[in-house]
Amino acid sequence: MERSVIVGVDGTGDSRNALVRAAELARAAGLTLVVVHVRHIPVFAEMSSMTIGPARQNLDLIEAEARRASEEVLQGTGVDWEFVVRSGDPAHALMAMADDRSAAAIVVGGRPHNAALSGLTGSVGAALVHRFRGSVLIVRGDDSAWNAASASGPALRAVSSQSTRSSD
């Protein structure tokens with residue numbers, strides 16, 4: 001099976017930055033990029049019949065924006081990529097996709113949260129770091145000075161080689 005890099009996108013600036021970095025990693029390591037958008041209704045919205053309808057409509061808008069942003073960012077990069085939509089808990093969906101696609105890494109956008117907010121809302125990045133057995137890259141802000149080819153290409157190739165050997 002062809003190796004890949006998984007990137008979670010939700011149409012935000014943070015996920016757009018993650019997408020840029022994931023594309024650089026995929027290109028530097030010669031991996032396929034799997035862009036994953038997870039449709040997720042927050043628990044609070046599911047608690048009321050008055051909020052569930054608008055929340056579902058917003059999911060369509062968010063998905064469309066994530067798809068549009070992905071196409072815009074990846075156009076002309078030369079990276080082989082696909083856009084996949086899943087539903088449910090974002091961390092679980094990204095981990096399942098990573099397992100399905102022999103991912104060398106999962107990339108997500110993130111920003112610092114205070115402890116109370118993180119405990120209340122959860123953090124996809126934190127969940128991935130604690131539960132995913134592979135590599136996780138959390139991209140914070142526009143880190144345009146970072147160079148995937150010199151900083152992470154060899155590391156991903158090494159991870160890719162180890163994972164391939166252990167699955168034989």
# chains A, B, ... in the order shown; residues from 1 in each chain; ligands from 1
$ select_by_dssp --residues "stretch 12-110 of chain A" --states "helix (DSSP H, G or I)" --output "NGL selection string"
:A and (13-29 or 43-46 or 49-74 or 90-100)
$ closest_residue --among "A:Ser70, A:Ala127, A:Glu82, A:Ile106" --to "A:Val139" --atoms "only C-alpha atoms"
A:Ile106
$ closest_residue --among "A:Leu74, A:Arg111, A:Ile41, A:Arg21" --to "A:Leu59" --atoms "only C-alpha atoms"
A:Ile41
$ residues_around --residues "A:Ser87" --least-positions-apart "6" --cutoff "8 Å" --atoms "only C-alpha atoms" --output "mmCIF file with N, CA and C atoms, in the first residue's frame"
data_model
loop_
_atom_site.group_PDB
_atom_site.id
_atom_site.type_symbol
_atom_site.label_atom_id
_atom_site.label_comp_id
_atom_site.auth_asym_id
_atom_site.auth_seq_id
_atom_site.Cartn_x
_atom_site.Cartn_y
_atom_site.Cartn_z
ATOM 1 N N VAL A 38 -13.599 16.234 8.802
ATOM 2 C CA VAL A 38 -14.494 15.454 9.658
ATOM 3 C C VAL A 38 -15.693 16.318 10.028
ATOM 4 N N ARG A 39 -16.865 15.857 9.635
ATOM 5 C CA ARG A 39 -18.107 16.539 9.993
ATOM 6 C C ARG A 39 -18.434 16.157 11.434
ATOM 7 N N HIS A 40 -18.474 17.169 12.280
ATOM 8 C CA HIS A 40 -18.645 16.923 13.714
ATOM 9 C C HIS A 40 -19.592 17.960 14.301
ATOM 10 N N ALA A 93 -11.551 9.846 13.867
ATOM 11 C CA ALA A 93 -11.646 9.734 12.410
ATOM 12 C C ALA A 93 -10.276 9.880 11.755
#
$ closest_residue --among "A:Ala26, A:Val9, A:Ala18, A:Ala91" --to "A:Glu65" --atoms "only C-alpha atoms"
A:Val9
$ closest_residue --among "A:Val108, A:Met95, A:Glu72, A:Ala103" --to "A:Phe132" --atoms "only C-alpha atoms"
A:Met95
$ residues_around --residues "A:Thr77" --least-positions-apart "6" --cutoff "12 Å" --atoms "only C-alpha atoms" --output "JSON, numbers by chain"
{"A": [19, 20, 21, 22, 23, 24, 25, 26, 27, 28, 33, 70, 71]}
$ write_last_selection --atoms "all heavy atoms" --output "mmCIF file, in the first residue's frame"
data_model
loop_
_atom_site.group_PDB
_atom_site.id
_atom_site.type_symbol
_atom_site.label_atom_id
_atom_site.label_comp_id
_atom_site.auth_asym_id
_atom_site.auth_seq_id
_atom_site.Cartn_x
_atom_site.Cartn_y
_atom_site.Cartn_z
ATOM 1 N N LEU A 19 -2.328 22.426 6.333
ATOM 2 C CA LEU A 19 -2.379 21.871 4.977
ATOM 3 C C LEU A 19 -1.122 22.232 4.182
ATOM 4 O O LEU A 19 -0.560 21.389 3.477
ATOM 5 C CB LEU A 19 -3.639 22.371 4.265
ATOM 6 C CG LEU A 19 -3.891 21.869 2.860
ATOM 7 C CD1 LEU A 19 -4.011 20.347 2.831
ATOM 8 C CD2 LEU A 19 -5.172 22.511 2.315
ATOM 9 N N VAL A 20 -0.668 23.474 4.306
ATOM 10 C CA VAL A 20 0.557 23.903 3.634
ATOM 11 C C VAL A 20 1.732 23.048 4.100
ATOM 12 O O VAL A 20 2.512 22.537 3.294
ATOM 13 C CB VAL A 20 0.828 25.400 3.885
ATOM 14 C CG1 VAL A 20 2.225 25.797 3.418
ATOM 15 C CG2 VAL A 20 -0.231 26.264 3.207
ATOM 16 N N ARG A 21 1.870 22.873 5.421
ATOM 17 C CA ARG A 21 2.982 22.075 5.960
ATOM 18 C C ARG A 21 2.861 20.609 5.551
ATOM 19 O O ARG A 21 3.855 19.964 5.236
ATOM 20 C CB ARG A 21 3.048 22.178 7.482
ATOM 21 C CG ARG A 21 3.369 23.526 7.993
ATOM 22 C CD ARG A 21 4.747 24.035 7.503
ATOM 23 N NE ARG A 21 4.739 25.482 7.576
ATOM 24 C CZ ARG A 21 4.672 26.278 6.512
ATOM 25 N NH1 ARG A 21 4.679 25.781 5.299
ATOM 26 N NH2 ARG A 21 4.641 27.580 6.655
ATOM 27 N N ALA A 22 1.655 20.071 5.602
ATOM 28 C CA ALA A 22 1.455 18.668 5.220
ATOM 29 C C ALA A 22 1.820 18.443 3.754
ATOM 30 O O ALA A 22 2.427 17.416 3.412
ATOM 31 C CB ALA A 22 0.010 18.261 5.484
ATOM 32 N N ALA A 23 1.476 19.387 2.899
ATOM 33 C CA ALA A 23 1.835 19.271 1.476
ATOM 34 C C ALA A 23 3.350 19.281 1.304
ATOM 35 O O ALA A 23 3.900 18.510 0.513
ATOM 36 C CB ALA A 23 1.187 20.401 0.680
ATOM 37 N N GLU A 24 4.031 20.145 2.065
ATOM 38 C CA GLU A 24 5.494 20.179 1.999
ATOM 39 C C GLU A 24 6.099 18.863 2.474
ATOM 40 O O GLU A 24 7.045 18.354 1.876
ATOM 41 C CB GLU A 24 6.031 21.340 2.833
ATOM 42 C CG GLU A 24 5.709 22.691 2.244
ATOM 43 C CD GLU A 24 6.093 23.847 3.159
ATOM 44 O OE1 GLU A 24 6.508 23.589 4.318
ATOM 45 O OE2 GLU A 24 5.960 25.003 2.724
ATOM 46 N N LEU A 25 5.543 18.313 3.560
ATOM 47 C CA LEU A 25 6.044 17.021 4.062
ATOM 48 C C LEU A 25 5.825 15.919 3.039
ATOM 49 O O LEU A 25 6.721 15.107 2.784
ATOM 50 C CB LEU A 25 5.335 16.651 5.362
ATOM 51 C CG LEU A 25 5.748 17.394 6.610
ATOM 52 C CD1 LEU A 25 4.809 17.048 7.758
ATOM 53 C CD2 LEU A 25 7.181 17.055 6.974
ATOM 54 N N ALA A 26 4.637 15.872 2.471
ATOM 55 C CA ALA A 26 4.317 14.837 1.483
ATOM 56 C C ALA A 26 5.249 14.943 0.277
ATOM 57 O O ALA A 26 5.787 13.938 -0.200
ATOM 58 C CB ALA A 26 2.859 14.952 1.055
ATOM 59 N N ARG A 27 5.456 16.154 -0.207
ATOM 60 C CA ARG A 27 6.333 16.355 -1.366
ATOM 61 C C ARG A 27 7.769 15.962 -1.020
ATOM 62 O O ARG A 27 8.424 15.245 -1.771
ATOM 63 C CB ARG A 27 6.266 17.808 -1.846
ATOM 64 C CG ARG A 27 7.075 18.058 -3.109
ATOM 65 C CD ARG A 27 6.949 19.460 -3.679
ATOM 66 N NE ARG A 27 7.210 20.489 -2.690
ATOM 67 C CZ ARG A 27 6.285 21.357 -2.258
ATOM 68 N NH1 ARG A 27 5.062 21.328 -2.731
ATOM 69 N NH2 ARG A 27 6.603 22.269 -1.367
ATOM 70 N N ALA A 28 8.278 16.404 0.140
ATOM 71 C CA ALA A 28 9.667 16.121 0.530
ATOM 72 C C ALA A 28 9.915 14.627 0.727
ATOM 73 O O ALA A 28 10.993 14.139 0.422
ATOM 74 C CB ALA A 28 10.014 16.883 1.807
ATOM 75 N N LEU A 33 -0.808 12.736 -0.130
ATOM 76 C CA LEU A 33 -1.467 13.553 0.881
ATOM 77 C C LEU A 33 -2.952 13.214 0.904
ATOM 78 O O LEU A 33 -3.618 13.278 -0.127
ATOM 79 C CB LEU A 33 -1.269 15.037 0.575
ATOM 80 C CG LEU A 33 -1.873 16.017 1.573
ATOM 81 C CD1 LEU A 33 -1.243 15.854 2.956
ATOM 82 C CD2 LEU A 33 -1.688 17.446 1.065
ATOM 83 N N SER A 70 -8.691 23.743 0.404
ATOM 84 C CA SER A 70 -7.751 22.668 0.059
ATOM 85 C C SER A 70 -7.367 22.739 -1.407
ATOM 86 O O SER A 70 -6.183 22.639 -1.760
ATOM 87 C CB SER A 70 -8.366 21.300 0.374
ATOM 88 O OG SER A 70 -8.610 21.175 1.752
ATOM 89 N N GLU A 71 -8.347 22.912 -2.256
ATOM 90 C CA GLU A 71 -8.066 23.020 -3.694
ATOM 91 C C GLU A 71 -7.177 24.224 -3.983
ATOM 92 O O GLU A 71 -6.231 24.138 -4.774
ATOM 93 C CB GLU A 71 -9.370 23.101 -4.479
ATOM 94 C CG GLU A 71 -10.147 21.805 -4.471
ATOM 95 C CD GLU A 71 -11.562 21.922 -5.021
ATOM 96 O OE1 GLU A 71 -12.024 23.062 -5.306
ATOM 97 O OE2 GLU A 71 -12.211 20.874 -5.172
#
$ residues_around --residues "A:Leu94" --least-positions-apart "5" --cutoff "12 Å" --atoms "only C-alpha atoms" --output "short mmCIF file (atom, residue, chain, number, x, y, z; two decimals) with N, CA and C atoms, in the first residue's frame"
data_model
loop_
_atom_site.label_atom_id
_atom_site.label_comp_id
_atom_site.auth_asym_id
_atom_site.auth_seq_id
_atom_site.Cartn_x
_atom_site.Cartn_y
_atom_site.Cartn_z
N VAL A 5 0.52 10.96 4.10
CA VAL A 5 0.44 11.91 5.20
C VAL A 5 -1.03 12.30 5.29
N ILE A 6 -1.58 12.26 6.49
CA ILE A 6 -2.97 12.64 6.73
C ILE A 6 -2.96 14.06 7.27
N VAL A 7 -3.86 14.90 6.77
CA VAL A 7 -4.00 16.25 7.32
C VAL A 7 -5.48 16.52 7.56
N GLY A 8 -5.79 16.99 8.76
CA GLY A 8 -7.16 17.35 9.10
C GLY A 8 -7.42 18.80 8.74
N VAL A 9 -8.54 19.04 8.04
CA VAL A 9 -8.89 20.41 7.64
C VAL A 9 -10.32 20.72 8.06
N VAL A 34 -3.45 12.85 2.08
CA VAL A 34 -4.87 12.57 2.25
C VAL A 34 -5.43 13.70 3.12
N VAL A 35 -6.26 14.54 2.51
CA VAL A 35 -6.87 15.68 3.18
C VAL A 35 -8.20 15.21 3.74
N VAL A 36 -8.35 15.26 5.06
CA VAL A 36 -9.53 14.70 5.72
C VAL A 36 -10.31 15.82 6.41
N HIS A 37 -11.58 15.91 6.04
CA HIS A 37 -12.50 16.83 6.72
C HIS A 37 -13.48 15.97 7.51
N VAL A 38 -13.60 16.23 8.80
CA VAL A 38 -14.49 15.45 9.66
C VAL A 38 -15.69 16.32 10.03
N ARG A 39 -16.87 15.86 9.64
CA ARG A 39 -18.11 16.54 9.99
C ARG A 39 -18.43 16.16 11.43
N VAL A 84 -11.12 13.62 1.53
CA VAL A 84 -12.00 12.60 2.09
C VAL A 84 -12.84 13.23 3.20
N VAL A 85 -14.13 12.89 3.24
CA VAL A 85 -15.02 13.41 4.27
C VAL A 85 -15.44 12.25 5.16
N ARG A 86 -15.34 12.46 6.47
CA ARG A 86 -15.78 11.49 7.47
C ARG A 86 -16.68 12.21 8.46
N SER A 87 -17.39 11.47 9.27
CA SER A 87 -18.25 12.03 10.31
C SER A 87 -17.86 11.43 11.65
N GLY A 88 -18.08 12.21 12.70
CA GLY A 88 -17.83 11.71 14.06
C GLY A 88 -16.80 12.53 14.80
N ASP A 89 -16.14 11.88 15.74
CA ASP A 89 -15.11 12.53 16.53
C ASP A 89 -13.88 12.76 15.66
N ASP A 99 -4.62 4.81 9.95
CA ASP A 99 -4.44 3.36 9.94
C ASP A 99 -4.80 2.77 8.58
N ASP A 100 -5.91 3.25 8.01
CA ASP A 100 -6.36 2.75 6.70
C ASP A 100 -5.37 3.05 5.58
N ARG A 101 -4.71 4.20 5.67
CA ARG A 101 -3.85 4.67 4.58
C ARG A 101 -2.36 4.57 4.87
N SER A 102 -1.97 3.77 5.83
CA SER A 102 -0.55 3.59 6.16
C SER A 102 0.17 4.92 6.30
N ALA A 103 -0.37 5.79 7.13
CA ALA A 103 0.17 7.14 7.27
C ALA A 103 1.49 7.18 8.02
N ALA A 105 2.41 10.10 9.16
CA ALA A 105 2.13 11.13 10.15
C ALA A 105 0.74 11.70 9.95
N ILE A 106 0.22 12.31 11.02
CA ILE A 106 -1.01 13.10 10.97
C ILE A 106 -0.61 14.54 11.27
N VAL A 107 -1.14 15.47 10.46
CA VAL A 107 -0.86 16.89 10.64
C VAL A 107 -2.17 17.61 10.91
N VAL A 108 -2.20 18.45 11.94
CA VAL A 108 -3.38 19.26 12.25
C VAL A 108 -2.92 20.66 12.63
N VAL A 124 -8.22 18.33 19.43
CA VAL A 124 -7.91 17.24 18.51
C VAL A 124 -6.41 16.93 18.57
N GLY A 125 -5.59 17.98 18.56
CA GLY A 125 -4.15 17.77 18.61
C GLY A 125 -3.72 17.02 19.85
N ALA A 127 -5.53 15.04 21.74
CA ALA A 127 -6.03 13.66 21.66
C ALA A 127 -5.13 12.81 20.76
N LEU A 128 -4.71 13.38 19.64
CA LEU A 128 -3.83 12.64 18.73
C LEU A 128 -2.48 12.34 19.36
N VAL A 129 -1.91 13.34 20.01
CA VAL A 129 -0.60 13.15 20.65
C VAL A 129 -0.67 12.05 21.70
N ARG A 131 -3.05 9.55 21.93
CA ARG A 131 -3.62 8.26 21.53
C ARG A 131 -3.06 7.65 20.26
N PHE A 132 -2.57 8.45 19.33
CA PHE A 132 -2.10 7.91 18.05
C PHE A 132 -0.70 7.34 18.23
N GLY A 134 1.49 6.80 15.93
CA GLY A 134 2.44 7.33 14.96
C GLY A 134 2.83 8.77 15.27
N VAL A 136 2.78 12.85 15.03
CA VAL A 136 1.77 13.90 14.95
C VAL A 136 2.51 15.23 14.86
#
$ atom_distance --atom1 "atom CA of A:Val73" --atom2 "atom CA of A:Asp60"
20.0 Å
$ atom_distance --atom1 "atom CA of A:Gly30" --atom2 "atom CA of A:Ile62"
29.5 Å
$ closest_residue --among "A:Gly141, A:Gly78, A:Gly109, A:Gly11" --to "A:Ala64" --atoms "only C-alpha atoms"
A:Gly11
$ decode --residues "stretch 129-144 of chain A" --atoms "all heavy atoms" --output "PDB file, in the first residue's frame"
ATOM      1  N   VAL A 129      -1.906  13.339  20.013  1.00  0.00           N
ATOM      2  CA  VAL A 129      -0.602  13.153  20.650  1.00  0.00           C
ATOM      3  C   VAL A 129      -0.667  12.054  21.702  1.00  0.00           C
ATOM      4  O   VAL A 129       0.241  11.231  21.814  1.00  0.00           O
ATOM      5  CB  VAL A 129      -0.103  14.482  21.266  1.00  0.00           C
ATOM      6  CG1 VAL A 129       1.075  14.259  22.200  1.00  0.00           C
ATOM      7  CG2 VAL A 129       0.267  15.460  20.164  1.00  0.00           C
ATOM      8  N   HIS A 130      -1.761  11.997  22.446  1.00  0.00           N
ATOM      9  CA  HIS A 130      -1.877  11.004  23.518  1.00  0.00           C
ATOM     10  C   HIS A 130      -2.308   9.628  23.036  1.00  0.00           C
ATOM     11  O   HIS A 130      -1.979   8.627  23.669  1.00  0.00           O
ATOM     12  CB  HIS A 130      -2.848  11.504  24.590  1.00  0.00           C
ATOM     13  CG  HIS A 130      -2.302  12.659  25.356  1.00  0.00           C
ATOM     14  ND1 HIS A 130      -1.254  12.546  26.243  1.00  0.00           N
ATOM     15  CD2 HIS A 130      -2.642  13.964  25.351  1.00  0.00           C
ATOM     16  CE1 HIS A 130      -0.972  13.722  26.742  1.00  0.00           C
ATOM     17  NE2 HIS A 130      -1.792  14.609  26.228  1.00  0.00           N
ATOM     18  N   ARG A 131      -3.047   9.547  21.927  1.00  0.00           N
ATOM     19  CA  ARG A 131      -3.619   8.256  21.533  1.00  0.00           C
ATOM     20  C   ARG A 131      -3.056   7.648  20.255  1.00  0.00           C
ATOM     21  O   ARG A 131      -3.090   6.429  20.093  1.00  0.00           O
ATOM     22  CB  ARG A 131      -5.128   8.400  21.366  1.00  0.00           C
ATOM     23  CG  ARG A 131      -5.825   8.669  22.676  1.00  0.00           C
ATOM     24  CD  ARG A 131      -7.318   8.620  22.482  1.00  0.00           C
ATOM     25  NE  ARG A 131      -7.888   9.762  23.183  1.00  0.00           N
ATOM     26  CZ  ARG A 131      -8.932  10.438  22.797  1.00  0.00           C
ATOM     27  NH1 ARG A 131      -9.561  10.118  21.697  1.00  0.00           N
ATOM     28  NH2 ARG A 131      -9.378  11.449  23.501  1.00  0.00           N
ATOM     29  N   PHE A 132      -2.574   8.454  19.325  1.00  0.00           N
ATOM     30  CA  PHE A 132      -2.100   7.910  18.055  1.00  0.00           C
ATOM     31  C   PHE A 132      -0.702   7.341  18.225  1.00  0.00           C
ATOM     32  O   PHE A 132       0.167   7.965  18.819  1.00  0.00           O
ATOM     33  CB  PHE A 132      -2.119   8.997  16.977  1.00  0.00           C
ATOM     34  CG  PHE A 132      -1.713   8.510  15.613  1.00  0.00           C
ATOM     35  CD1 PHE A 132      -2.396   7.469  15.006  1.00  0.00           C
ATOM     36  CD2 PHE A 132      -0.655   9.087  14.950  1.00  0.00           C
ATOM     37  CE1 PHE A 132      -2.030   7.014  13.742  1.00  0.00           C
ATOM     38  CE2 PHE A 132      -0.274   8.644  13.691  1.00  0.00           C
ATOM     39  CZ  PHE A 132      -0.968   7.606  13.087  1.00  0.00           C
ATOM     40  N   ARG A 133      -0.472   6.159  17.700  1.00  0.00           N
ATOM     41  CA  ARG A 133       0.818   5.494  17.883  1.00  0.00           C
ATOM     42  C   ARG A 133       1.890   5.999  16.927  1.00  0.00           C
ATOM     43  O   ARG A 133       3.062   5.703  17.073  1.00  0.00           O
ATOM     44  CB  ARG A 133       0.670   3.989  17.750  1.00  0.00           C
ATOM     45  CG  ARG A 133       0.142   3.534  16.416  1.00  0.00           C
ATOM     46  CD  ARG A 133       0.098   2.016  16.332  1.00  0.00           C
ATOM     47  NE  ARG A 133      -0.719   1.493  15.285  1.00  0.00           N
ATOM     48  CZ  ARG A 133      -0.602   1.722  13.996  1.00  0.00           C
ATOM     49  NH1 ARG A 133       0.318   2.524  13.559  1.00  0.00           N
ATOM     50  NH2 ARG A 133      -1.404   1.170  13.118  1.00  0.00           N
ATOM     51  N   GLY A 134       1.487   6.796  15.934  1.00  0.00           N
ATOM     52  CA  GLY A 134       2.439   7.333  14.961  1.00  0.00           C
ATOM     53  C   GLY A 134       2.829   8.771  15.268  1.00  0.00           C
ATOM     54  O   GLY A 134       2.567   9.290  16.350  1.00  0.00           O
ATOM     55  N   SER A 135       3.448   9.408  14.299  1.00  0.00           N
ATOM     56  CA  SER A 135       3.903  10.786  14.449  1.00  0.00           C
ATOM     57  C   SER A 135       2.757  11.764  14.242  1.00  0.00           C
ATOM     58  O   SER A 135       1.896  11.556  13.402  1.00  0.00           O
ATOM     59  CB  SER A 135       5.008  11.088  13.436  1.00  0.00           C
ATOM     60  OG  SER A 135       6.123  10.269  13.679  1.00  0.00           O
ATOM     61  N   VAL A 136       2.782  12.846  15.030  1.00  0.00           N
ATOM     62  CA  VAL A 136       1.772  13.898  14.946  1.00  0.00           C
ATOM     63  C   VAL A 136       2.508  15.234  14.859  1.00  0.00           C
ATOM     64  O   VAL A 136       3.412  15.491  15.650  1.00  0.00           O
ATOM     65  CB  VAL A 136       0.850  13.901  16.188  1.00  0.00           C
ATOM     66  CG1 VAL A 136      -0.132  15.062  16.137  1.00  0.00           C
ATOM     67  CG2 VAL A 136       0.110  12.572  16.308  1.00  0.00           C
ATOM     68  N   LEU A 137       2.094  16.067  13.908  1.00  0.00           N
ATOM     69  CA  LEU A 137       2.627  17.419  13.796  1.00  0.00           C
ATOM     70  C   LEU A 137       1.481  18.392  14.006  1.00  0.00           C
ATOM     71  O   LEU A 137       0.469  18.322  13.306  1.00  0.00           O
ATOM     72  CB  LEU A 137       3.249  17.650  12.417  1.00  0.00           C
ATOM     73  CG  LEU A 137       3.686  19.088  12.113  1.00  0.00           C
ATOM     74  CD1 LEU A 137       4.769  19.545  13.082  1.00  0.00           C
ATOM     75  CD2 LEU A 137       4.151  19.197  10.677  1.00  0.00           C
ATOM     76  N   ILE A 138       1.624  19.264  14.997  1.00  0.00           N
ATOM     77  CA  ILE A 138       0.635  20.306  15.247  1.00  0.00           C
ATOM     78  C   ILE A 138       1.251  21.619  14.785  1.00  0.00           C
ATOM     79  O   ILE A 138       2.270  22.053  15.316  1.00  0.00           O
ATOM     80  CB  ILE A 138       0.241  20.368  16.732  1.00  0.00           C
ATOM     81  CG1 ILE A 138      -0.337  19.023  17.165  1.00  0.00           C
ATOM     82  CG2 ILE A 138      -0.746  21.514  16.971  1.00  0.00           C
ATOM     83  CD1 ILE A 138      -0.613  18.907  18.636  1.00  0.00           C
ATOM     84  N   VAL A 139       0.637  22.209  13.775  1.00  0.00           N
ATOM     85  CA  VAL A 139       1.143  23.445  13.185  1.00  0.00           C
ATOM     86  C   VAL A 139       0.443  24.612  13.864  1.00  0.00           C
ATOM     87  O   VAL A 139      -0.779  24.691  13.859  1.00  0.00           O
ATOM     88  CB  VAL A 139       0.890  23.461  11.659  1.00  0.00           C
ATOM     89  CG1 VAL A 139       1.362  24.778  11.060  1.00  0.00           C
ATOM     90  CG2 VAL A 139       1.559  22.268  10.999  1.00  0.00           C
ATOM     91  N   ARG A 140       1.227  25.501  14.423  1.00  0.00           N
ATOM     92  CA  ARG A 140       0.685  26.682  15.117  1.00  0.00           C
ATOM     93  C   ARG A 140       1.069  27.927  14.341  1.00  0.00           C
ATOM     94  O   ARG A 140       2.244  28.233  14.203  1.00  0.00           O
ATOM     95  CB  ARG A 140       1.232  26.764  16.529  1.00  0.00           C
ATOM     96  CG  ARG A 140       0.757  25.597  17.365  1.00  0.00           C
ATOM     97  CD  ARG A 140       1.257  25.756  18.780  1.00  0.00           C
ATOM     98  NE  ARG A 140       0.923  24.565  19.511  1.00  0.00           N
ATOM     99  CZ  ARG A 140       0.055  24.530  20.510  1.00  0.00           C
ATOM    100  NH1 ARG A 140      -0.550  25.615  20.893  1.00  0.00           N
ATOM    101  NH2 ARG A 140      -0.189  23.400  21.136  1.00  0.00           N
ATOM    102  N   GLY A 141       0.064  28.610  13.843  1.00  0.00           N
ATOM    103  CA  GLY A 141       0.302  29.855  13.125  1.00  0.00           C
ATOM    104  C   GLY A 141       0.981  29.631  11.796  1.00  0.00           C
ATOM    105  O   GLY A 141       1.105  28.510  11.307  1.00  0.00           O
ATOM    106  N   ASP A 142       1.402  30.718  11.198  1.00  0.00           N
ATOM    107  CA  ASP A 142       2.083  30.670   9.911  1.00  0.00           C
ATOM    108  C   ASP A 142       3.575  30.536  10.159  1.00  0.00           C
ATOM    109  O   ASP A 142       4.265  31.508  10.391  1.00  0.00           O
ATOM    110  CB  ASP A 142       1.770  31.939   9.113  1.00  0.00           C
ATOM    111  CG  ASP A 142       2.457  31.937   7.760  1.00  0.00           C
ATOM    112  OD1 ASP A 142       2.877  30.859   7.301  1.00  0.00           O
ATOM    113  OD2 ASP A 142       2.585  33.023   7.170  1.00  0.00           O
ATOM    114  N   ASP A 143       4.067  29.323  10.107  1.00  0.00           N
ATOM    115  CA  ASP A 143       5.483  29.054  10.372  1.00  0.00           C
ATOM    116  C   ASP A 143       6.257  28.967   9.065  1.00  0.00           C
ATOM    117  O   ASP A 143       6.933  27.995   8.795  1.00  0.00           O
ATOM    118  CB  ASP A 143       5.645  27.791  11.216  1.00  0.00           C
ATOM    119  CG  ASP A 143       5.047  26.562  10.547  1.00  0.00           C
ATOM    120  OD1 ASP A 143       4.295  26.726   9.565  1.00  0.00           O
ATOM    121  OD2 ASP A 143       5.336  25.451  11.000  1.00  0.00           O
ATOM    122  N   SER A 144       6.163  30.021   8.252  1.00  0.00           N
ATOM    123  CA  SER A 144       6.711  30.004   6.905  1.00  0.00           C
ATOM    124  C   SER A 144       8.231  29.841   6.854  1.00  0.00           C
ATOM    125  O   SER A 144       8.769  29.506   5.806  1.00  0.00           O
ATOM    126  CB  SER A 144       6.286  31.260   6.146  1.00  0.00           C
ATOM    127  OG  SER A 144       6.662  32.407   6.866  1.00  0.00           O
TER     128      SER A 144
END
